[in-house]
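Engineer: Input: one structure, supplied below.
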Amino acid sequence: MKKILIVGNGGREHAISWNLANDPNISKVVNIPYRKNFAEVLNLIKKESVGLTIIGPEGPLADGIVDFLNSQGVRNVFGPTRKMARIESDKFYSYELMGELGIPQANSVRCVSVGEVEDAIKEFEEPVLKCRGLARGKGVRVYSSQEKARMDLSSFVKEFGEEILVAERLRGQEFSVFGIADGENVLPFDIAFQDHKPVYDGDKGPNTGGMGAYGPVEIAPKKLVNKIAEDILMPIVRKINYKGFIYAGMMLTDKGLKVIEFNARFGDPEAQPAMMMLENSLYSPIALSLEGKVCQAKLTFKEGASCCVVLASKGYPNFFQTGLPISGIDEAEEMQDVKIFHSATKFEDGKWLTDGGRVLGVTSYSEKGIEEAQRLAYEAVKKINVPGGFHYRTDIAGKVITK
């Protein structure tokens with residue numbers, strides 16, 4: 001019987017924990033927040049005799065937590081090293097890597113000063129600014145004109161610095177593809193998911209860490225997902241000996257598939273519907289990947305669909321209040337095929353309180369398909385509240401349902 005430690009306490013980590021807790025080979029799953037204290041994690045691993053440690057968020061991966069734990073003799077750590085995690089933490093690096101491997105992506109210009117950014121903006125009719133480092137899903141801004149990009153440049157630089165990738169705007173349907181990599185091969189998730197980044201309905205407003213997700217995505221059937229794994233994920237994995245969860249943000253344009261970004265971890269909120277759809281435990285695939293045998297593993301998914309609606313604090317992604325009492329979680333979870341994943345909550349004096357921007361991931365599953373899954377999710381949403389109300393999008397999965 002294994003004890004599992006998951007570093008990170010957001011919705012993604014809750015979903016992974018929920019999946020693993022149902023595995024009869026696992027005796028205990030422990031989640032801890034990441035407090036930039038590697039020694040704290042190491043001490044807990046030793047104290048609890050942890051058999052497997054999974055690193056959830058991008059922050060500790062970029063900080064080198066896997067490198068540290070490996071250097072201290074802890075080998076059963078699932079996640080990329082700091083160098084591998086640069087596919088997410090350094091937009092310049094991932095751009096160069098894709099160029100070297102011939103992976104299709106947006107035309108872009110690397111800039112290290114305001115002057116260079118201003119010149120690069122002139123090259124694209126609808127420029128996109130991407131900060132070089134990590135920004136919790138908020139470091140990308142898309143503009144409808146060069147003038148609007150120039151007007152917003154000082155604000156972008158103030159928040160993210162002068163190292164900016166200026167890119168062309170891609171148009172089309174976005175979707176996310178995930179896999180488990182062992183340094184040589186990739187076990188893809190057969191289902192693709194679609195995240196909803198902008199804060200408001202109709203994909204309006206600033207980008208967030210994700211306001212909801214659903215899957216499967218009909219424009220990305222299993223055959224296409226496997227092709228992406230073979231032609232896009234596998235070359236990256238073999239080039240840099242990549243190990244851990246790997247995430248390709250894709251866009252199907254009128255000129256074919258293009259990569260928007262790579263991430264060095266599972267998506268959030270995509271992990272929530274993914275875990276609702278997954279029939280088997282992640283434990284065996286992860287354990288086999290650590291042995292370099294991911295090709296021997298299997299991931300089996302249910303028929304039907306899953307939908308996740310994120311309940312966010314009013315004012316997110318900018319200024320918002322925390323510490324508000326949450327009601328209705330238990331009532332929502334009494335619904336069949338509904339699970340509430342906690343992203344930013346704390347439990348005090350017998351009640352749940354808000355503790356961040358994206359608070360809960362209200363996630364449903366239906367064997368009947370996405371329309372019924374969406375209905376269930378929003379029915380559950382109506383049962384949960386805080387003083388002043390939550391902010392949430394009302395159109396998660398709407399693109400596919402309204403066709």
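By order in the structure tokens, chains are A, B, ...; within a chain, residues start at 1; ligands start at 1, following the order shown.
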For Ala274 in chain A, please output as a list in words all residues within 8 Å (counting only C-alpha atoms; exclusion window: fewer than 2 positions along the same chain).

Structural biologist: Ile191, Phe193, Gly215, Glu270, Ala271, Gln272, Met276, Met277, Leu278 and Ser306 of chain A

Engineer: Fewer than 2 positions away in the same chain doesn't count, so skip those; otherwise give me all residues within 10 Å of Phe189 in chain A, counting only C-alpha atoms, as a list in words.

Structural biologist: Val177, Phe178, Gly179, Ile180, Val186, Leu187, Ile191, Ala192, Phe193, Lys222, Val225, Asn226, Ala229, Ala274, Leu278, Lys298, Leu299, Thr300 and Phe301 of chain A

Engineer: Find the residues around range 201-212 of chain A up to 8 Å (only C-alpha atoms counted), leave out those fewer than 5 positions away in its own chain, and share them as a PDB file with C-alpha atoms, in the first residue's frame.

Structural biologist:
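around_26.pdb, written as the output of this step:
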```pdb
ATOM      1  CA  ARG A 136      -0.546  31.961 -13.780  1.00  0.00           C
ATOM      2  CA  GLY A 137      -2.373  31.956 -17.110  1.00  0.00           C
ATOM      3  CA  LYS A 138      -2.613  35.765 -17.270  1.00  0.00           C
ATOM      4  CA  GLY A 139       0.559  36.682 -19.181  1.00  0.00           C
ATOM      5  CA  VAL A 140      -0.999  36.716 -22.666  1.00  0.00           C
ATOM      6  CA  ARG A 141      -2.915  39.619 -24.171  1.00  0.00           C
ATOM      7  CA  ASP A 195     -10.471  25.489 -21.626  1.00  0.00           C
ATOM      8  CA  HIS A 196     -12.226  28.857 -21.450  1.00  0.00           C
ATOM      9  CA  ASP A 268      -6.369  23.438 -14.527  1.00  0.00           C
ATOM     10  CA  PRO A 269      -9.384  23.363 -14.946  1.00  0.00           C
ATOM     11  CA  GLU A 270      -9.017  20.656 -17.630  1.00  0.00           C
ATOM     12  CA  CYS A 307     -18.216  19.811 -17.939  1.00  0.00           C
ATOM     13  CA  CYS A 308     -16.486  21.972 -15.314  1.00  0.00           C
ATOM     14  CA  VAL A 309     -17.711  25.466 -14.391  1.00  0.00           C
ATOM     15  CA  VAL A 310     -15.364  27.553 -12.262  1.00  0.00           C
ATOM     16  CA  LEU A 311     -16.915  29.674  -9.510  1.00  0.00           C
ATOM     17  CA  ALA A 312     -14.666  32.689  -9.014  1.00  0.00           C
ATOM     18  CA  PRO A 317      -8.742  38.197 -12.015  1.00  0.00           C
ATOM     19  CA  ARG A 358     -10.854  30.684  -8.636  1.00  0.00           C
ATOM     20  CA  GLY A 361     -14.680  23.744  -9.962  1.00  0.00           C
ATOM     21  CA  TYR A 392     -18.855  32.504 -13.427  1.00  0.00           C
ATOM     22  CA  ARG A 393     -19.280  32.105 -17.145  1.00  0.00           C
ATOM     23  CA  THR A 394     -22.656  30.858 -18.343  1.00  0.00           C
ATOM     24  CA  ASP A 395     -21.395  29.498 -21.664  1.00  0.00           C
ATOM     25  CA  ILE A 396     -18.945  26.722 -20.797  1.00  0.00           C
TER      26      ILE A 396
END
```

Engineer: Determine, counting only C-alpha atoms, which protein, DNA and RNA residues have an atom within 10 Å of an atom of Leu360 in chain A; residues of the same chain fewer than 4 positions away are not included. Present the result as a VMD selection string.

Structural biologist: chain A and resid 10 to 11 269 308 to 313 329 340 to 345 354 356 381 384 390

Engineer: Give the answer as one residue: which of A:Leu97, A:Lys339, A:Asp67, A:Met84 has the shortest atom-to-atom distance to His14 in chain A, using only C-alpha atoms?

Structural biologist: A:Lys339

Engineer: Excluding Leu101 in chain A and any residue of its chain fewer than 3 positions from it, enumerate the residues within 9 Å of it, using only C-alpha atoms, and give them as an NGL selection string.

Structural biologist: :A and (96-98 or 232 or 235-236 or 239)

Engineer: If we count only C-alpha atoms and set the cut-off at 12 Å, which residues sit around Ala181 in chain A, ignoring sequence neighbours fewer than 3 positions away in its own chain? Please answer as a ChimeraX atom specification.

Structural biologist: /A:78-80,84,178,184-189,229-230,233-238,240-247,264-266,285-295,297

Engineer: Taking only C-alpha atoms into account, which of A:Val259, A:Val114, A:Tyr283, A:Cys131 comes nearest Ile4 in chain A?

Structural biologist: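 Looking at the shortest contact to Ile4 in chain A, the residue is A:Tyr283.
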
Engineer: May I have the residues within 8 Å of Pro24 in chain A as a list in words, using only C-alpha atoms and disregarding those fewer than 3 positions away in the same chain?

Structural biologist: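 What passes the distance filter is Met1, Ala21 and Ser27 of chain A.
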
Engineer: Selected residues, C-alpha atoms, written as an mmCIF file, in the first residue's frame, please.

Structural biologist:
```cif
data_model
loop_
_atom_site.group_PDB
_atom_site.id
_atom_site.type_symbol
_atom_site.label_atom_id
_atom_site.label_comp_id
_atom_site.auth_asym_id
_atom_site.auth_seq_id
_atom_site.Cartn_x
_atom_site.Cartn_y
_atom_site.Cartn_z
ATOM 1 C CA MET A 1 0.000 0.000 0.000
ATOM 2 C CA ALA A 21 -7.840 7.979 -3.417
ATOM 3 C CA SER A 27 -3.397 3.829 1.581
#
```

Engineer: Go through A:Lys223, A:Ala332, A:Lys3, A:Pro216 one by one, measure the shortest atom-to-atom distance of each to Lys47 in chain A using only C-alpha atoms, and give the residue with the smallest value.

Structural biologist: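 Ranking A:Lys223, A:Ala332, A:Lys3, A:Pro216 by distance to Lys47 in chain A, first place goes to A:Lys3.
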
Engineer: Among range 111-300 of chain A, which residues carry a DSSP assignment of alpha helix (DSSP H), reported as an MDAnalysis selection string?

Structural biologist: chainID A and resid 114:121 146:160 222:228 234:240 271:277 283:290

Engineer: Which is closest to Ser154 in chain A among A:Val66, A:Arg171, A:Gln194, A:Ser113, if we use only C-alpha atoms?

Structural biologist: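 Selected residue with least distance to Ser154 in chain A: A:Ser113.
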
Engineer: When you count only C-alpha atoms, which of these residues is closest to Glu163 in chain A: A:Glu125, A:Glu116, A:Asp330, A:Asp182?

Structural biologist: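 Checking each of A:Glu125, A:Glu116, A:Asp330, A:Asp182 against Glu163 in chain A, counting only C-alpha atoms, the winner is A:Glu116.
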
Engineer: As a PyMOL selection string, please: all residues of range 11-108 of chain A that backbone DSSP puts in strand (DSSP E).

Structural biologist: chain A and resi 26-32+52-55+77-78+108

Engineer: Go ahead and compute the interatomic distance for CA of Ala106 in chain A and CA of Val166 in chain A, in Å to one decimal.

Structural biologist: 9.7 Å

Engineer: Restricting the calculation to only C-alpha atoms, which member of A:Thr53, A:Ser89, A:Ser176, A:Asn25 is positioned closest to Glu13 in chain A?

Structural biologist: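 Under the stated criterion, the closest residue is A:Thr53.
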